[in-house]
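See structure below.
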Amino acid sequence: MNITAAEVIVTSPDRNFVTLKLTTDDGLVGWGDGTLNGRELSVASYLTDHVVPLLLGRDAHRIEDTWQFLYRSAYWRRGPVTMAAIAAVDVALWDLKAKAAGMPLYQLLGGASRNGLMAYGHASGRDEAELFDSIRRHLDQGFRSIRVQTSVPGIDAVYGVRAPAGEEPEHHYEPALRAAQPMEEDWDTRAYLRHIPRVFEAVRSEFGPELPLLHDVHHRLTPIQAARLGKDLEPYDLFWMEDCTPAENQDALRLVRQHTTTPLAIGEVFNTVWDYQTLIKDQLIDYVRSAVTHTGGITAMRKLLDYAAQYQIKSGIHGPTDISPVGMAAALHLDLAIHNFGIQEYMQHGDATNEVFRQTFSFENGYLHPGHQPGLGVELDEDAAAKFPYRPAYLPYNRLKDGTVHDW
Ligand code: EZ4
Ligand code: CO
């Protein structure tokens with residue numbers, strides 16, 4: 001099963017996606033997701049200019065060898081662009097192998113370890129009434145676990161809050177705006193730390209003790225501030241507190257951990273197992289948040305999650321809409337096969353994205369399932385993709401009141 005063609009398709013139905021298409025001499029087609037939100041064309045170039053020429057003629061069955069070859073022959077190690085490009089190749093090769101075997105990918109990873117995958121949705125609101133409506137809407141859609149983000153009095157534009165359905169698009173929270181410049185948001189740590197525990201107190205008293213609740217701090221706090229928030233949230237029994245502090249310095253989490261029993265999730269901006277080395281072996285976290293798409297694909301994520309399993313640390317694979325349906329499907333097959341599955345993030349894609357990417361995965365009663373088609377179960381429609389050309393898009397960024405740039 002040799003690779004005869006490799007092409008990179010950049011399409012922008014609801015947002016930009018970078019997709020790798022591999023074709024073999026058996027006539028099979030495999031798909032990989034290499035989308036890196038706000039830096040999409042760098043991965044497209046890495047693939048087209050530097051990887052595609054190396055793939056032609058290679059045996060598509062040799063997944064581990066191809067992974068090691070791409071990782072080690074680049075010489076320059078790690079990094080989001082490299083690891084997203086390797087992930088695209090790796091996932092496309094797994095898609096091909098599973099199609100060649102005539103099996104859904106999870107069968108090749110050891111078979112199903114569960115019947116379905118608990119997914120959490122993103123509820124948000126500019127005030128309590130809007131937030132409660134959003135939570136109720138998510139419960140109506142079947143979600144059984146909910147991430148809660150709200151506006152904060154004293155902050156004008158904050159991460160994770162989207163306007164209710166039906167409102168004008170300019171109020172719609174879209175984390176990668178199609179604009180020539182990144183949108184500026186503002187941040188006030190003291191206002192945030194005062195407000196968030198009150199929000200969770202209100203949500204718990206309205207929705208009761210059972211509903212798993214999550215919250216994303218999105219890298220904004222110092223370790224001691226994160227420790228305080230974790231303690232303040234303990235009465236509301238969070239499923240996890242995510243990205244409470246930036247973790248280039250992995251030891252930062254040690255301080256948070258010593259102060260709070262609120263479970264900690266981290267890693268959506270990481271791209272290799274090395275970013276987790278201390279976090280996992282010293283048991284400083286509870287959930288691994290990497291995306292299959294950003295962390296070297298199925299091959300590398302499987303090893304990372306097996307390492308985490310030795311320490312009773314579970315998966316919480318990144319699943320925002322900037323992961324394409326190809327990347328989501330890869331996550332779902334891995335989730336279904338591993339023993340230490342925790343939860344899966346799920347933000348539904350828009351109609352245009354679903355038109356470009358034909359999918360077989362399902363969402364019923366709060367549980368995702370990757371479906372039973374051979375391979376990943378996602379096929380890109382190239383005619384539909386061609387209708388949506390690339391448009392530059394940037395993630396927002398933050399400034400403090402005095403104008404200092406802050407983590408977003
Ligand atoms: O901001 O995927 O947990 N989810 C997140 C996401 C990230 C975006 C960045 O591209 O933090 O919303
Ligand atoms: Co996050």
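Chain labels follow the order of the structure tokens: the first chain is A, the next B, and so on; residue numbering restarts at 1 in every chain, and ligands are counted from 1 in their shown order.
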Within 12 Å of ligand 2, which residues of chain A show up? Give each one with its shortest atom-to-atom distance in Å (one decimal) and the two atoms involved, counting only C-alpha atoms and all ligand atoms, rows by chain then rising residue number, as CSV.
residue,atom,partner,partner_atom_place_in_ligand_line,distance
A:His122,CA,ligand 2,1 (Co),10.6
A:Arg147,CA,ligand 2,1 (Co),10.1
A:Val148,CA,ligand 2,1 (Co),11.7
A:Gln149,CA,ligand 2,1 (Co),11.0
A:Tyr159,CA,ligand 2,1 (Co),9.8
A:Gly160,CA,ligand 2,1 (Co),9.1
A:Pro175,CA,ligand 2,1 (Co),11.3
A:Leu214,CA,ligand 2,1 (Co),10.4
A:His215,CA,ligand 2,1 (Co),8.7
A:Asp216,CA,ligand 2,1 (Co),5.5
A:Val217,CA,ligand 2,1 (Co),7.6
A:His218,CA,ligand 2,1 (Co),5.7
A:His219,CA,ligand 2,1 (Co),8.6
A:Arg220,CA,ligand 2,1 (Co),11.4
A:Trp240,CA,ligand 2,1 (Co),11.2
A:Met241,CA,ligand 2,1 (Co),9.7
A:Glu242,CA,ligand 2,1 (Co),6.3
A:Asp243,CA,ligand 2,1 (Co),6.5
A:Cys244,CA,ligand 2,1 (Co),9.6
A:Thr245,CA,ligand 2,1 (Co),11.4
A:Pro246,CA,ligand 2,1 (Co),11.5
A:Leu264,CA,ligand 2,1 (Co),11.9
A:Ala265,CA,ligand 2,1 (Co),9.0
A:Ile266,CA,ligand 2,1 (Co),7.9
A:Gly267,CA,ligand 2,1 (Co),8.3
A:Glu268,CA,ligand 2,1 (Co),6.3
A:Val269,CA,ligand 2,1 (Co),8.6
A:Phe270,CA,ligand 2,1 (Co),11.4
A:Val288,CA,ligand 2,1 (Co),11.3
A:Arg289,CA,ligand 2,1 (Co),7.9
A:Ser290,CA,ligand 2,1 (Co),9.7
A:Ala291,CA,ligand 2,1 (Co),10.6
A:Gly316,CA,ligand 2,1 (Co),10.4
A:Ile317,CA,ligand 2,1 (Co),10.1
A:His318,CA,ligand 2,1 (Co),7.4
A:Gly319,CA,ligand 2,1 (Co),9.1
A:Pro320,CA,ligand 2,1 (Co),8.3
A:Thr321,CA,ligand 2,1 (Co),11.7
A:Asp322,CA,ligand 2,1 (Co),11.7
A:Glu345,CA,ligand 2,1 (Co),9.4
A:Tyr346,CA,ligand 2,1 (Co),11.7
A:Met347,CA,ligand 2,1 (Co),11.9
A:Trp408,CA,ligand 2,1 (Co),10.5
For region 98-101 of chain A, find every residue with an atom within 8 Å (counting only C-alpha atoms), except residues of its own chain fewer than 2 positions away, and show them as a VMD selection string. chain A and resid 28 94 to 96 103 to 105 108 374 to 376
Export of prior selection with N, CA, C and O atoms as a short mmCIF file (atom, residue, chain, number, x, y, z; two decimals), in the first residue's frame:
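Result file follows (result.cif):
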data_model
loop_
_atom_site.label_atom_id
_atom_site.label_comp_id
_atom_site.auth_asym_id
_atom_site.auth_seq_id
_atom_site.Cartn_x
_atom_site.Cartn_y
_atom_site.Cartn_z
N LEU A 28 -7.05 3.73 -2.08
CA LEU A 28 -7.63 4.22 -0.82
C LEU A 28 -7.22 5.67 -0.58
O LEU A 28 -6.14 6.10 -1.00
N TRP A 94 -3.38 6.24 9.81
CA TRP A 94 -4.29 5.36 10.57
C TRP A 94 -5.63 5.20 9.84
O TRP A 94 -6.22 4.11 9.84
N ASP A 95 -6.10 6.28 9.22
CA ASP A 95 -7.34 6.19 8.43
C ASP A 95 -7.17 5.17 7.31
O ASP A 95 -8.03 4.29 7.10
N LEU A 96 -6.02 5.25 6.63
CA LEU A 96 -5.75 4.31 5.53
C LEU A 96 -5.65 2.87 6.04
O LEU A 96 -6.22 1.94 5.45
N MET A 103 -12.07 -1.95 8.90
CA MET A 103 -12.56 -1.79 10.28
C MET A 103 -12.56 -0.33 10.69
O MET A 103 -11.72 0.44 10.24
N PRO A 104 -13.48 0.05 11.61
CA PRO A 104 -13.35 1.38 12.22
C PRO A 104 -12.03 1.44 12.99
O PRO A 104 -11.59 0.43 13.55
N LEU A 105 -11.41 2.62 13.01
CA LEU A 105 -10.07 2.75 13.58
C LEU A 105 -9.96 2.21 15.00
O LEU A 105 -8.95 1.60 15.36
N LEU A 108 -8.51 -1.20 15.57
CA LEU A 108 -7.06 -1.40 15.45
C LEU A 108 -6.32 -0.92 16.70
O LEU A 108 -5.14 -1.25 16.89
N PRO A 374 -15.44 1.84 8.11
CA PRO A 374 -14.00 1.59 8.08
C PRO A 374 -13.22 2.92 8.09
O PRO A 374 -13.62 3.88 7.45
N GLY A 375 -12.13 2.96 8.84
CA GLY A 375 -11.32 4.18 8.93
C GLY A 375 -11.83 5.11 10.01
O GLY A 375 -12.38 4.67 11.02
N LEU A 376 -11.64 6.41 9.78
CA LEU A 376 -12.09 7.43 10.73
C LEU A 376 -13.60 7.66 10.66
O LEU A 376 -14.21 8.10 11.62
#
Selection: 9 Å around Ile9 (chain A), only C-alpha atoms, excl. self and same-chain fewer than 4 positions, as a PDB file with C-alpha atoms, in the first residue's frame:
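Now in selection.pdb:
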ATOM      1  CA  PHE A  17      -9.137  24.045   8.291  1.00  0.00           C
ATOM      2  CA  VAL A  18      -5.967  22.407   6.958  1.00  0.00           C
ATOM      3  CA  THR A  19      -6.543  18.844   5.765  1.00  0.00           C
ATOM      4  CA  LEU A  20      -4.037  16.341   4.385  1.00  0.00           C
ATOM      5  CA  LYS A  21      -5.245  13.886   1.744  1.00  0.00           C
ATOM      6  CA  ALA A  44       0.064  23.922   5.162  1.00  0.00           C
ATOM      7  CA  GLU A 382     -13.464  18.514  -2.290  1.00  0.00           C
ATOM      8  CA  ALA A 385     -14.297  22.606   0.236  1.00  0.00           C
ATOM      9  CA  ALA A 386     -13.435  24.598  -2.901  1.00  0.00           C
TER      10      ALA A 386
END
Rank A:Lys281, A:Arg114, A:Arg162, A:Lys231 by their smallest atom-to-atom distance to ligand 1, using only C-alpha atoms and all ligand atoms, and report the top residue only.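 Of the candidates, the smallest distance to ligand 1 is held by A:Arg162.
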CA of Ala88 (chain A) sits from CA of Gly350 (chain A) at a separation of 22.0 Å
Gap from CA of Thr278 (chain A) to CA of Gly38 (chain A) - Å, one decimal: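 These atoms are spaced 28.8 Å apart.
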Hey, what does DSSP flag as strand (DSSP E) within region 45-247 of chain A? Can you give it to me as a ChimeraX atom specification? /A:117-125,146-150,184-187,213-216,240-242
So that I can see what lies close to region 123-130 of chain A, please list as a PDB file with C-alpha atoms, in the first residue's frame the residues with an atom at most 8 Å from it, counting only C-alpha atoms and leaving out residues fewer than 2 positions away in the same chain.
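Now in selection.pdb:
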ATOM      1  CA  GLY A 121     -20.645  21.250  25.999  1.00  0.00           C
ATOM      2  CA  PHE A 132     -28.943  29.508  32.956  1.00  0.00           C
ATOM      3  CA  ASP A 133     -30.719  29.588  29.567  1.00  0.00           C
ATOM      4  CA  SER A 134     -27.552  28.391  27.889  1.00  0.00           C
ATOM      5  CA  ILE A 135     -27.139  25.537  30.408  1.00  0.00           C
ATOM      6  CA  HIS A 138     -27.284  22.293  26.432  1.00  0.00           C
ATOM      7  CA  ILE A 146     -21.307  21.411  31.080  1.00  0.00           C
ATOM      8  CA  ARG A 147     -18.455  23.895  30.884  1.00  0.00           C
ATOM      9  CA  VAL A 148     -19.489  27.219  32.469  1.00  0.00           C
ATOM     10  CA  GLN A 149     -18.008  30.571  31.330  1.00  0.00           C
ATOM     11  CA  THR A 150     -19.477  34.004  32.048  1.00  0.00           C
ATOM     12  CA  SER A 151     -18.868  37.677  31.621  1.00  0.00           C
ATOM     13  CA  VAL A 152     -17.277  39.352  34.629  1.00  0.00           C
ATOM     14  CA  GLY A 160     -15.547  31.872  26.243  1.00  0.00           C
ATOM     15  CA  VAL A 161     -18.771  33.910  26.308  1.00  0.00           C
ATOM     16  CA  ARG A 162     -21.016  33.764  23.287  1.00  0.00           C
ATOM     17  CA  ALA A 163     -24.259  35.605  22.687  1.00  0.00           C
ATOM     18  CA  PRO A 164     -27.532  33.638  22.799  1.00  0.00           C
ATOM     19  CA  VAL A 199     -21.331  32.093  39.496  1.00  0.00           C
TER      20      VAL A 199
END
Residues near Pro80 (chain A), cut-off 12 Å, only C-alpha atoms, skip fewer than 3 positions along chain, as a PDB file with N, CA, C and O atoms, in the first residue's frame:
ATOM      1  N   GLY A  34      -4.530  19.019  10.124  1.00  0.00           N
ATOM      2  CA  GLY A  34      -3.340  19.766  10.541  1.00  0.00           C
ATOM      3  C   GLY A  34      -3.674  21.208  10.877  1.00  0.00           C
ATOM      4  O   GLY A  34      -2.843  22.099  10.684  1.00  0.00           O
ATOM      5  N   THR A  35      -4.896  21.441  11.383  1.00  0.00           N
ATOM      6  CA  THR A  35      -5.343  22.812  11.633  1.00  0.00           C
ATOM      7  C   THR A  35      -4.702  23.385  12.902  1.00  0.00           C
ATOM      8  O   THR A  35      -4.801  22.788  13.969  1.00  0.00           O
ATOM      9  N   LEU A  36      -4.050  24.528  12.776  1.00  0.00           N
ATOM     10  CA  LEU A  36      -3.474  25.241  13.913  1.00  0.00           C
ATOM     11  C   LEU A  36      -4.086  26.643  13.889  1.00  0.00           C
ATOM     12  O   LEU A  36      -3.701  27.488  13.078  1.00  0.00           O
ATOM     13  N   ASN A  37      -5.057  26.848  14.791  1.00  0.00           N
ATOM     14  CA  ASN A  37      -5.905  28.030  14.773  1.00  0.00           C
ATOM     15  C   ASN A  37      -5.095  29.331  14.755  1.00  0.00           C
ATOM     16  O   ASN A  37      -4.287  29.576  15.645  1.00  0.00           O
ATOM     17  N   GLY A  38      -5.320  30.164  13.755  1.00  0.00           N
ATOM     18  CA  GLY A  38      -4.638  31.455  13.656  1.00  0.00           C
ATOM     19  C   GLY A  38      -3.261  31.401  13.007  1.00  0.00           C
ATOM     20  O   GLY A  38      -2.673  32.449  12.721  1.00  0.00           O
ATOM     21  N   ARG A  39      -2.731  30.188  12.789  1.00  0.00           N
ATOM     22  CA  ARG A  39      -1.426  30.021  12.140  1.00  0.00           C
ATOM     23  C   ARG A  39      -1.533  28.911  11.083  1.00  0.00           C
ATOM     24  O   ARG A  39      -0.592  28.151  10.867  1.00  0.00           O
ATOM     25  N   GLU A  40      -2.681  28.847  10.421  1.00  0.00           N
ATOM     26  CA  GLU A  40      -3.002  27.690   9.574  1.00  0.00           C
ATOM     27  C   GLU A  40      -2.004  27.480   8.436  1.00  0.00           C
ATOM     28  O   GLU A  40      -1.609  26.365   8.117  1.00  0.00           O
ATOM     29  N   SER A  42       1.073  28.118   8.089  1.00  0.00           N
ATOM     30  CA  SER A  42       2.410  27.607   8.417  1.00  0.00           C
ATOM     31  C   SER A  42       2.427  26.081   8.371  1.00  0.00           C
ATOM     32  O   SER A  42       3.403  25.484   7.911  1.00  0.00           O
ATOM     33  N   VAL A  43       1.361  25.442   8.835  1.00  0.00           N
ATOM     34  CA  VAL A  43       1.298  23.973   8.774  1.00  0.00           C
ATOM     35  C   VAL A  43       1.097  23.529   7.325  1.00  0.00           C
ATOM     36  O   VAL A  43       1.698  22.526   6.883  1.00  0.00           O
ATOM     37  N   TYR A  46       4.489  23.700   5.838  1.00  0.00           N
ATOM     38  CA  TYR A  46       5.360  22.638   6.377  1.00  0.00           C
ATOM     39  C   TYR A  46       5.054  21.322   5.662  1.00  0.00           C
ATOM     40  O   TYR A  46       5.958  20.593   5.255  1.00  0.00           O
ATOM     41  N   TRP A  76      15.027  19.553  14.001  1.00  0.00           N
ATOM     42  CA  TRP A  76      14.427  20.545  14.904  1.00  0.00           C
ATOM     43  C   TRP A  76      13.232  19.900  15.571  1.00  0.00           C
ATOM     44  O   TRP A  76      12.299  19.494  14.904  1.00  0.00           O
ATOM     45  N   ARG A  77      13.283  19.807  16.898  1.00  0.00           N
ATOM     46  CA  ARG A  77      12.272  19.008  17.581  1.00  0.00           C
ATOM     47  C   ARG A  77      11.102  19.812  18.104  1.00  0.00           C
ATOM     48  O   ARG A  77      11.237  20.976  18.445  1.00  0.00           O
ATOM     49  N   MET A  83       4.508  19.505  15.080  1.00  0.00           N
ATOM     50  CA  MET A  83       3.716  18.405  15.636  1.00  0.00           C
ATOM     51  C   MET A  83       2.312  18.334  15.021  1.00  0.00           C
ATOM     52  O   MET A  83       1.721  17.259  14.946  1.00  0.00           O
ATOM     53  N   ALA A  84       1.784  19.480  14.567  1.00  0.00           N
ATOM     54  CA  ALA A  84       0.499  19.452  13.850  1.00  0.00           C
ATOM     55  C   ALA A  84       0.690  18.796  12.482  1.00  0.00           C
ATOM     56  O   ALA A  84      -0.171  18.025  12.022  1.00  0.00           O
ATOM     57  N   ALA A  85       1.807  19.077  11.826  1.00  0.00           N
ATOM     58  CA  ALA A  85       2.066  18.470  10.518  1.00  0.00           C
ATOM     59  C   ALA A  85       2.245  16.954  10.655  1.00  0.00           C
ATOM     60  O   ALA A  85       1.685  16.163   9.881  1.00  0.00           O
ATOM     61  N   ILE A  86       3.020  16.535  11.665  1.00  0.00           N
ATOM     62  CA  ILE A  86       3.213  15.087  11.878  1.00  0.00           C
ATOM     63  C   ILE A  86       1.872  14.438  12.237  1.00  0.00           C
ATOM     64  O   ILE A  86       1.566  13.333  11.776  1.00  0.00           O
ATOM     65  N   ALA A  87       1.063  15.145  13.023  1.00  0.00           N
ATOM     66  CA  ALA A  87      -0.257  14.609  13.385  1.00  0.00           C
ATOM     67  C   ALA A  87      -1.115  14.378  12.141  1.00  0.00           C
ATOM     68  O   ALA A  87      -1.809  13.358  12.036  1.00  0.00           O
ATOM     69  N   GLU A 268      -3.919  21.934  26.328  1.00  0.00           N
ATOM     70  CA  GLU A 268      -4.355  22.125  24.937  1.00  0.00           C
ATOM     71  C   GLU A 268      -3.298  22.832  24.097  1.00  0.00           C
ATOM     72  O   GLU A 268      -3.304  22.706  22.873  1.00  0.00           O
ATOM     73  N   VAL A 269      -2.386  23.590  24.731  1.00  0.00           N
ATOM     74  CA  VAL A 269      -1.337  24.255  23.942  1.00  0.00           C
ATOM     75  C   VAL A 269      -0.033  23.448  23.911  1.00  0.00           C
ATOM     76  O   VAL A 269       0.938  23.883  23.312  1.00  0.00           O
ATOM     77  N   PHE A 270      -0.019  22.273  24.552  1.00  0.00           N
ATOM     78  CA  PHE A 270       1.181  21.431  24.536  1.00  0.00           C
ATOM     79  C   PHE A 270       1.226  20.625  23.240  1.00  0.00           C
ATOM     80  O   PHE A 270       0.210  20.419  22.583  1.00  0.00           O
ATOM     81  N   ASN A 271       2.430  20.119  22.913  1.00  0.00           N
ATOM     82  CA  ASN A 271       2.495  19.292  21.693  1.00  0.00           C
ATOM     83  C   ASN A 271       3.324  18.017  21.781  1.00  0.00           C
ATOM     84  O   ASN A 271       3.399  17.284  20.803  1.00  0.00           O
ATOM     85  N   THR A 272       3.947  17.744  22.929  1.00  0.00           N
ATOM     86  CA  THR A 272       4.606  16.435  23.073  1.00  0.00           C
ATOM     87  C   THR A 272       4.465  15.936  24.506  1.00  0.00           C
ATOM     88  O   THR A 272       4.104  16.689  25.418  1.00  0.00           O
ATOM     89  N   ASP A 275       6.150  17.920  27.422  1.00  0.00           N
ATOM     90  CA  ASP A 275       5.469  19.028  28.097  1.00  0.00           C
ATOM     91  C   ASP A 275       4.752  18.545  29.355  1.00  0.00           C
ATOM     92  O   ASP A 275       4.314  19.370  30.166  1.00  0.00           O
ATOM     93  N   SER A 290      -4.475  17.593  25.697  1.00  0.00           N
ATOM     94  CA  SER A 290      -3.929  17.729  24.345  1.00  0.00           C
ATOM     95  C   SER A 290      -4.955  17.373  23.277  1.00  0.00           C
ATOM     96  O   SER A 290      -5.859  16.559  23.515  1.00  0.00           O
ATOM     97  N   ALA A 291      -4.766  17.960  22.104  1.00  0.00           N
ATOM     98  CA  ALA A 291      -5.522  17.554  20.916  1.00  0.00           C
ATOM     99  C   ALA A 291      -4.703  16.524  20.147  1.00  0.00           C
ATOM    100  O   ALA A 291      -3.481  16.669  20.049  1.00  0.00           O
ATOM    101  N   VAL A 292      -5.384  15.520  19.587  1.00  0.00           N
ATOM    102  CA  VAL A 292      -4.706  14.574  18.698  1.00  0.00           C
ATOM    103  C   VAL A 292      -4.012  15.367  17.580  1.00  0.00           C
ATOM    104  O   VAL A 292      -2.876  15.085  17.199  1.00  0.00           O
ATOM    105  N   THR A 293      -4.716  16.379  17.100  1.00  0.00           N
ATOM    106  CA  THR A 293      -4.262  17.203  15.986  1.00  0.00           C
ATOM    107  C   THR A 293      -2.998  18.000  16.285  1.00  0.00           C
ATOM    108  O   THR A 293      -2.264  18.349  15.375  1.00  0.00           O
ATOM    109  N   HIS A 294      -2.760  18.347  17.529  1.00  0.00           N
ATOM    110  CA  HIS A 294      -1.619  19.223  17.848  1.00  0.00           C
ATOM    111  C   HIS A 294      -0.480  18.485  18.522  1.00  0.00           C
ATOM    112  O   HIS A 294       0.526  19.091  18.857  1.00  0.00           O
ATOM    113  N   THR A 295      -0.655  17.190  18.721  1.00  0.00           N
ATOM    114  CA  THR A 295       0.292  16.451  19.568  1.00  0.00           C
ATOM    115  C   THR A 295       0.820  15.221  18.834  1.00  0.00           C
ATOM    116  O   THR A 295       1.050  14.175  19.434  1.00  0.00           O
ATOM    117  N   GLY A 296       1.001  15.341  17.536  1.00  0.00           N
ATOM    118  CA  GLY A 296       1.645  14.248  16.805  1.00  0.00           C
ATOM    119  C   GLY A 296       0.745  13.090  16.438  1.00  0.00           C
ATOM    120  O   GLY A 296       1.241  12.026  16.066  1.00  0.00           O
TER     121      GLY A 296
END
Distance criterion (only C-alpha atoms): nearest to Met328 (chain A) out of A:Leu193, A:Leu284, A:Val91, A:Ala384: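 Of the candidates, the smallest distance to Met328 (chain A) is held by A:Val91.
In terms of minimum interatomic distance to Leu70 (chain A), A:Leu47 ranks closest within A:Leu400, A:Leu47, A:Ala92, A:Ala252, counting only C-alpha atoms.
Distances to Pro13 (chain A) were evaluated for A:Asp26, A:Glu379, A:Glu355, A:Asp402 using only C-alpha atoms, and the minimum falls at A:Glu355.
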